[in-house]
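The structure appears below as structure tokens.
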Amino acid sequence: MEQETGLFSVSIDFSQSHLFFPHIIHWVLFLLALSIVLVHGREIVRHVQGWSESYREHGLDYDRLRLLGTLVLVVAYFLLMNWVGQLFPNTGMGFLLVSIPFMALMSLLYVHDLNRRKLVAILANAIIAPLLAWYVLAQLFFITLP
Amino acid sequence: MLKNLTKTLCLAATCAAVAMPALAADGPLRGNLRVVIGSKSTGGDTYQNSAIVAEALAENIGINVKVDAVGASEAFNVLGRVSNGSVVMIFHDQSYLGNLYGVKGYDDIFAEYTVGPTVAINPGNAYLVPKSSPYQTIGDIIDAAGNGEKIRVAIQPGGVSEIGFSALKNAVKIQHPGSEENIVAVNTGSQSDKNQLLFDGQADLINGSVQANEQYTRLPEDDQKAMRFVWLTARKETIEQANPEGMGETSREDLLQYVTPNASVTQDGEKDFTFDKEFFFLYNKDMDPAIIEQIDASLQEIFDAGEIQETQKKSFFIPNFKPSEEAQSYLMEKRGQYEVIIDSIR
Amino acid sequence: MEIFSYLSPMFFALTAFGVMVGIVFGAIPGMTATMALAVCLPMTYGLDLTNGLALLLGLYVGGISGGLVPAILLNIPGTPSSITTTFDGYPMTQKGQGERALKTGITASLFGGLFSAAVLFLFAPTLADVAIKFSYIEKFLIILFALTVIASLSQRLLVGLFSGALGIWFALIGTYDISVGGNGEYRLMPEFLTDYLESGFSLLPVLIGMFGLGTILQEAERGVHEESLDSVKYQKGATFSFSIFKGQFVNLTRSGAIGTFVGMLPGVGGSAASVLSYTQAKNFSKDPDKLGTGAPEGVIASESANNGLTGGALIPLLSLGIPGDSTTAVLIGAFTLQGIQLGPLFIGENLDTWNVMMVSLIFANLVMFLVMFFAIRHIAKVVTVPKYLLYPGILMMCVVGAYAINYGVMFDVWTLLIFGVFTWLGQKVGLEVAPFIIGFILGGQAEVYFVKSLESFGTLTIFFTKSPIAVFLWVLIAISVAYSVHHTIRAVKRKKAGNGS
């Protein structure tokens with residue numbers, strides 16, 4: 001192909017073409033980050049100072065149990081689902097068997113002022129929802145589940 | 001009324017679902033078999049061919065077989081991980097061509113996996129020029145390149161789409177040494193991208209297929225979209241097995257015009273290069289050999305019954321069953337030939 | 001007329017059945033119209049072509065439409081093309097106008113669907129010839145045009161742009177895929193992750209991770225206090241009436257047209273359509289500040305465009321044999337299975353099939369409207385479900401969707417978690433989610449079209465000189481950018497004035 005020469009000519013080596021666009025994006029990111037620091041720099045410094053001050057006075061203010069509980073539950077959910085799924089290959093059992101306790105535990109983690117009525121609703125939800133999803137998707141539509 | 005109908009439909013689907021795993025099998029395969037394929041498309045030839053084979057297998061063995069279009073890299077990953085025989089893979093020549101072309105994510109299938117039986121050929125791999133092109137045959141193109149004309153060929157790099165291009169370049173090298181640089185690849189993606197490059201005049205020759213491009217060859221010459229076949233890479237014997245109606249308005253006779261020896265691209269100065277895209281099974285290296293035997297035996301029964309061949313031919317596939325051992329040595333030999341070509345033009 | 005012999009009660013029943021199943025798939029976060037078609041494709045083996053198409057077209061229309069339900073009610077886009085629906089739909093729900101937003105969206109969907117069906121019927125072959133005028137260069141400019149929305153969506157311009165660029169960067173992780181013409185080399189990922197990241201992060205798991213899990217983590221941090229999303233009671237006077245569409249005809253038509261047009265360009269795809277039409281709605285709006293805070297206008301633009309897509313994507317399929325998006329790619333399988341060949345001569349050679357498809361498409365849109373319009377009152381109640389029941393359910397469905405989107409890839413489920421945590425932490429340091437996700441959606445295409453244009457022509461000037469279409473697109477881009485800049489400056493001035501007083 002005729003390559004035009006001049007200020008705007010660009011030639012791309014096919015074997016290296018996978019890096020061409022990422023390079024551009026790296027520059028764009030760098031320049032934008034730089035401008036953010038220049039424009040909003042003072043604002044950021046003030047923000048960080050304010051935050052560390054409030055941290056020294058109050059510590060971190062968040063619902064430790066619910067946040068960490070969520071993260072732990074989700075990781076356990078994903079790991080167990082895959083592991084149980086491999087015990088019963090291609091049946092979607094990993095999904096079904098692990099979703100039920102996961103949903104129950106997560107609901108119990110989130111609920112406030114637990115009472116009998118709420119507990120029944122939670123358990124019913126935890127059993128019916130995964131069962132329904134599993135039956136419709138894995139059994140009726142043959143969708144592969146863990 | 002509508003609700004009732006829906007209910008009936010749902011019920012029917014439920015019955016079908018429950019009835020599927022009717023009889024337990026005697027062999028080591030039981031329950032649910034997952035077939036992963038090297039393509040992400042559920043509209044493409046790999047999926048279609050795999051679906052036909054999977055359905056026949058399910059019926060013959062009496063198990064559930066599910067085809068999942070996970071794509072090459074994930075399919076190889078899963079296959080490498082699961083050795084209990086609950087996952088097998090169906091793919092085509094891309095699996096070793098990707099490795100020959102050095103594409104990341106493609107290992108040596110003969111070393112990393114067990115190659116299983118072949119089941120079908122897609123004979124449609126084709127090369128086309130614009131209808132108004134000065135080149136009438138693939139021979140014209142080889143000569144033109146020998147005369148110093150630059151030929152831009154739109155292909156998808158790194159596999160099935162590139163092998164014909166490599167063969168063309170190799171043929172030019174043999175017949176007009178030193179001119180092979182005139183065959184230039186325009187690396188692109190899907191069929192629509194390849195067509196588009198032809199419409200734009202950014203390519204002189206494109207890789208395509210009989211199935212996807214036949215109608216374009218029937219457009220009037222003044223249409224920007226009109227194309228013409230110049231070369232089908234399939235073997236003559238392969239096309240001869242197709243239904244006589246061929247594809248669309250292009251009969252089997254017409255197609256044979258574009259196949260060796262009528263359209264000749266030499267492989268080594270003596271015999272012509274051919275390429276058939278063949279679909280075959282791949283297994284985990286440590287999978288129970290009894291499963292390999294069971295699938296071989298089941299496929300043998302299916303192909304002996306003769307029904308699957310009709311289904312395949314209706315979808316423009318050429319039936320091509322070879323049991324595992326035969327398939328292995330055959331495919332290994334096939335790879336060897338292409339390795340020589342790819343090395344010679346590197 | 002031959003065509004009536006094909007239109008059996010079965011035909012209509014299958015279309016309606018398809019629509020309903022499609023809506024369910026579309027409404028589940030992570031399940032898409034494409035999946036609905038793929039899983040139902042085997043059901044068509046036993047049907048003849050007409051009935052098979054009826055089912056699949058029903059699924060297509062239903063699947064695209066269902067996406068608005070979780071987008072509006074839960075702030076999770078059910079399909080990538082309903083991402084812009086969340087921008088105004090969810091704020092409306094927060095104001096207690098969920099039902100109103102849903103009905104607005106559905107009506108706009110109906111309009112977009114019928115509009116595009118009409119365009120398909122009347123102009124398909126002509127438009128196919130227009131579509132092939134769009135080469136890599138023009139497609140790149142369309143993507144660039146869509147990316148300009150990042151500027152107008154940003155709360156703080158620089159931060160928004162940075163978020164958008166970061167989204168593009170994430171989209172590039174993995175292999176420069178040979179299936180789009182790349183060289184198959186890895187980039188931007190650590191060695192030990194290559195097994196998982198070879199094909200990069202998938203769009204849907206990223207989307208539902210950011211919007212679904214990201215939100216849940218934020219809530220968990222705050223202790224999940226309110227009982228349900230619907231703590232704000234239904235606003236009085238917020239009930240739906242068609243008068244909401246007064247003065248919106250231009251918006252409806254423009255959005256439907258953009259949807260149809262973008263849909264017909266092979267490879268550009270659905271999400272670009274609604275993003276583009278949302279940008280235009282914002283640019284042309286009398287009150288642009290309102291968009292993004294719960295304006296029905298935004299919902300209309302987004303939904304009219306993504307249903308406009310249905311007819312649009314069928315144009316190249318039926319008049320070039322090339323799918324306009326991933327969903328219509330599945331349709332190709334249905335045709336070949338029935339021994340019908342697609343290509344530029346399809347319509348002429350299969351007039352009956354063509355007419356039947358049109359009937360099915362129009363009927364599907366009407367069924368979609370009726371089913372959803374009257375079911376919506378009940379669906380909208382989902383926001384009254386207590387959070388401690390709702391969130392685990394959402395998470396479970398997100399997992400199913402993520403796992404199933406690529407037909408069973410466990411890493412896609414982990415992607416949920418990665419991007420959930422990323423969003424939750426990112427927002428603390430000012431990450432803007434909407435620009436990020438738009439960058440992520442369009443990044444891959446931007447790269448391919450840009451790099452391939454340069455590979456072919458070897459000069460940057462080609463982007464300006466290739467064709468009149470390119471010049472026209474530049475004009476649109478310039479207007480869009482100028483508008484955003486003007487808007488930002490005005491906002492800054494107003495803020496200063498506000499501070500001064």
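If you're wondering about the labels, chains in the structure tokens are A, B, ... by order shown, residues count from 1 in each chain, ligands from 1 in order shown.
For Leu454 in chain C, the residues within 9 Å (counting only C-alpha atoms, excluding itself and residues fewer than 2 positions away along the chain) are Ser9, Val10, Ser11 and Ile12 of chain A; Ile137, Tyr449, Phe450, Val451, Lys452, Ser456, Phe457, Gly458, Thr459, Leu460 and Ile462 of chain C.
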Any chance you could export the current selection's all heavy atoms as a short mmCIF file (atom, residue, chain, number, x, y, z; two decimals), in the first residue's frame?
```cif
data_model
loop_
_atom_site.label_atom_id
_atom_site.label_comp_id
_atom_site.auth_asym_id
_atom_site.auth_seq_id
_atom_site.Cartn_x
_atom_site.Cartn_y
_atom_site.Cartn_z
N SER A 9 1.68 10.99 9.05
CA SER A 9 1.77 9.59 8.64
C SER A 9 2.11 8.72 9.84
O SER A 9 2.87 9.09 10.73
CB SER A 9 2.79 9.42 7.53
OG SER A 9 4.08 9.52 8.08
N VAL A 10 1.50 7.56 9.86
CA VAL A 10 1.71 6.62 10.95
C VAL A 10 1.87 5.26 10.31
O VAL A 10 1.09 4.90 9.43
CB VAL A 10 0.45 6.54 11.85
CG1 VAL A 10 0.68 5.58 13.00
CG2 VAL A 10 0.06 7.90 12.36
N SER A 11 2.90 4.51 10.69
CA SER A 11 2.90 3.15 10.19
C SER A 11 2.95 2.20 11.37
O SER A 11 3.67 2.41 12.34
CB SER A 11 4.07 2.92 9.21
OG SER A 11 5.18 2.46 9.90
N ILE A 12 2.10 1.19 11.29
CA ILE A 12 1.95 0.27 12.42
C ILE A 12 2.49 -1.09 12.01
O ILE A 12 2.09 -1.65 11.00
CB ILE A 12 0.47 0.16 12.83
CG1 ILE A 12 -0.06 1.52 13.24
CG2 ILE A 12 0.31 -0.84 13.97
CD1 ILE A 12 -1.54 1.54 13.53
N ILE C 137 -13.12 3.60 9.10
CA ILE C 137 -12.93 5.00 9.47
C ILE C 137 -14.23 5.62 9.97
O ILE C 137 -14.28 6.22 11.05
CB ILE C 137 -12.38 5.77 8.27
CG1 ILE C 137 -10.95 5.30 8.04
CG2 ILE C 137 -12.44 7.27 8.48
CD1 ILE C 137 -10.36 5.69 6.75
N TYR C 449 -11.22 -0.19 15.25
CA TYR C 449 -11.51 0.67 14.10
C TYR C 449 -10.39 1.70 13.89
O TYR C 449 -10.03 2.01 12.75
CB TYR C 449 -12.86 1.38 14.29
CG TYR C 449 -14.02 0.41 14.33
CD1 TYR C 449 -15.13 0.66 15.12
CD2 TYR C 449 -14.00 -0.77 13.59
CE1 TYR C 449 -16.19 -0.25 15.16
CE2 TYR C 449 -15.05 -1.67 13.63
CZ TYR C 449 -16.14 -1.41 14.42
OH TYR C 449 -17.18 -2.30 14.46
N PHE C 450 -9.84 2.20 14.97
CA PHE C 450 -8.77 3.19 14.87
C PHE C 450 -7.50 2.57 14.28
O PHE C 450 -6.94 3.04 13.29
CB PHE C 450 -8.48 3.78 16.25
CG PHE C 450 -7.46 4.87 16.26
CD1 PHE C 450 -7.72 6.10 15.68
CD2 PHE C 450 -6.23 4.67 16.86
CE1 PHE C 450 -6.77 7.11 15.69
CE2 PHE C 450 -5.27 5.67 16.89
CZ PHE C 450 -5.54 6.89 16.29
N VAL C 451 -7.08 1.46 14.88
CA VAL C 451 -5.83 0.85 14.45
C VAL C 451 -5.94 0.31 13.02
O VAL C 451 -5.04 0.46 12.21
CB VAL C 451 -5.41 -0.26 15.44
CG1 VAL C 451 -4.18 -0.99 14.94
CG2 VAL C 451 -5.15 0.32 16.81
N LYS C 452 -7.09 -0.30 12.72
CA LYS C 452 -7.25 -0.86 11.37
C LYS C 452 -7.29 0.24 10.31
O LYS C 452 -6.79 0.05 9.20
CB LYS C 452 -8.53 -1.70 11.30
CG LYS C 452 -8.45 -3.00 12.06
CD LYS C 452 -7.50 -3.98 11.39
CE LYS C 452 -6.98 -4.97 12.39
NZ LYS C 452 -5.82 -5.73 11.89
N SER C 456 -4.53 0.47 7.23
CA SER C 456 -4.87 0.53 5.81
C SER C 456 -4.33 1.78 5.13
O SER C 456 -3.85 1.72 4.01
CB SER C 456 -6.38 0.50 5.61
OG SER C 456 -6.89 -0.76 5.89
N PHE C 457 -4.44 2.92 5.80
CA PHE C 457 -4.16 4.17 5.10
C PHE C 457 -2.85 4.83 5.53
O PHE C 457 -2.32 5.66 4.82
CB PHE C 457 -5.32 5.14 5.28
CG PHE C 457 -6.56 4.70 4.57
CD1 PHE C 457 -7.53 3.97 5.23
CD2 PHE C 457 -6.74 4.99 3.22
CE1 PHE C 457 -8.66 3.55 4.56
CE2 PHE C 457 -7.87 4.56 2.55
CZ PHE C 457 -8.84 3.84 3.22
N GLY C 458 -2.38 4.51 6.71
CA GLY C 458 -1.07 5.00 7.12
C GLY C 458 -0.97 6.49 7.40
O GLY C 458 0.11 7.03 7.49
N THR C 459 -2.11 7.17 7.53
CA THR C 459 -2.03 8.58 7.86
C THR C 459 -3.23 9.03 8.67
O THR C 459 -4.34 8.53 8.46
CB THR C 459 -1.91 9.46 6.59
OG1 THR C 459 -2.07 10.81 6.98
CG2 THR C 459 -2.97 9.10 5.58
N LEU C 460 -3.00 9.94 9.57
CA LEU C 460 -4.10 10.42 10.40
C LEU C 460 -5.08 11.28 9.62
O LEU C 460 -6.25 11.39 9.98
CB LEU C 460 -3.54 11.23 11.57
CG LEU C 460 -2.87 10.42 12.68
CD1 LEU C 460 -2.15 11.36 13.64
CD2 LEU C 460 -3.88 9.58 13.44
N ILE C 462 -6.53 10.76 7.01
CA ILE C 462 -7.60 10.02 6.35
C ILE C 462 -8.91 10.14 7.12
O ILE C 462 -9.99 10.09 6.53
CB ILE C 462 -7.20 8.54 6.19
CG1 ILE C 462 -8.15 7.81 5.23
CG2 ILE C 462 -7.17 7.81 7.52
CD1 ILE C 462 -8.03 8.27 3.81
#
```
What are the DSSP alpha helix (DSSP H) residues of range 73-134 of chain A, as a ChimeraX atom specification?
/A:73-87,93-110,116-133
Which residues of range 311-386 of chain C have any atom within 10 Å of an atom in range 219-232 of chain B when counting only C-alpha atoms, and what is the closest pair of atoms for each, with the distance in Å to one decimal? Order the rows by chain and rising number and write it as a tab-separated table.
```
residue	atom	partner	partner_atom	distance
C:Leu320	CA	B:Lys225	CA	9.2
C:Pro344	CA	B:Leu219	CA	7.9
C:Leu345	CA	B:Leu219	CA	7.9
```
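Closest approach to chain B among C:Gly212, C:Gly62, C:Gly182, C:Pro288: C:Gly182, based on only C-alpha atoms.
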Which polymer residues have any atom within 8 Å of an atom of Ile151 in chain B, counting only C-alpha atoms, with same-chain residues fewer than 3 positions away left out, as an MDAnalysis selection string?
chainID B and resid 141 145 182:184 203:205
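Proximity to Trp51 in chain A was assessed for C:Val21, C:Val429, C:Ile173, C:Val400 counting only C-alpha atoms; the smallest distance is recorded for C:Val429.
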Residues of chain B within 8 Å of chain C, counting only C-alpha atoms, as a PyMOL selection string:
chain B and resi 2+5-6+40-44+48+68-70+73-74+77+103-105+156-158+186-192+196-197+199-200+202+211-216+219+248+314-315
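Closest approach to chain A from the set B:Glu59, B:Glu149, B:Glu326, B:Asp296 is made by B:Glu149, with distances taken over only C-alpha atoms.
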So which residues touch Ser329 in chain B within 10 Å, counting only C-alpha atoms, skipping near sequence neighbours fewer than 5 positions away, as number ranges by chain?
B: 110, 115, 324, 334-335
Could you pull out the strand (DSSP E) residues of range 58-262 of chain B, going by DSSP on the backbone, and write them as a ChimeraX atom specification?
/B:64-68,87-91,113-122,125-130,151-155,183-187,205-209,227-232
Could you jot down the CA of Ile341 in chain B to CA of Phe317 in chain B separation for me, Å, one decimal place?
26.3 Å
What's around Thr310 in chain C at 10 Å? Count only C-alpha atoms, leave out sequence neighbours fewer than 2 positions away in its own chain, and write the answer as number ranges by chain.
C: 57, 60-61, 64-65, 112-114, 116-117, 120, 259-260, 263-264, 270, 305-308, 312-315, 324-325, 327-328, 361
If we count only C-alpha atoms and set the cut-off at 10 Å, which residues sit around Phe284 in chain C, ignoring sequence neighbours fewer than 4 positions away in its own chain? Please answer as an mmCIF file with C-alpha atoms, in the first residue's frame.
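In the end it all went to selection.cif:
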```cif
data_model
loop_
_atom_site.group_PDB
_atom_site.id
_atom_site.type_symbol
_atom_site.label_atom_id
_atom_site.label_comp_id
_atom_site.auth_asym_id
_atom_site.auth_seq_id
_atom_site.Cartn_x
_atom_site.Cartn_y
_atom_site.Cartn_z
ATOM 1 C CA ASN C 251 -37.066 12.877 20.700
ATOM 2 C CA TYR C 278 -29.004 9.631 24.987
ATOM 3 C CA THR C 279 -26.213 12.059 24.090
ATOM 4 C CA GLN C 280 -28.387 13.626 21.468
ATOM 5 C CA PRO C 288 -30.193 19.469 29.764
ATOM 6 C CA SER C 480 -21.291 17.655 20.753
ATOM 7 C CA TYR C 483 -21.897 21.801 23.695
#
```
Leaving out Leu132 in chain A and any residue of its chain fewer than 6 positions from it, which residues lie within 12 Å of it when counting only C-alpha atoms, given as number ranges by chain?
A: 95-96, 99-100, 124-126, 138-140; C: 393, 396-397
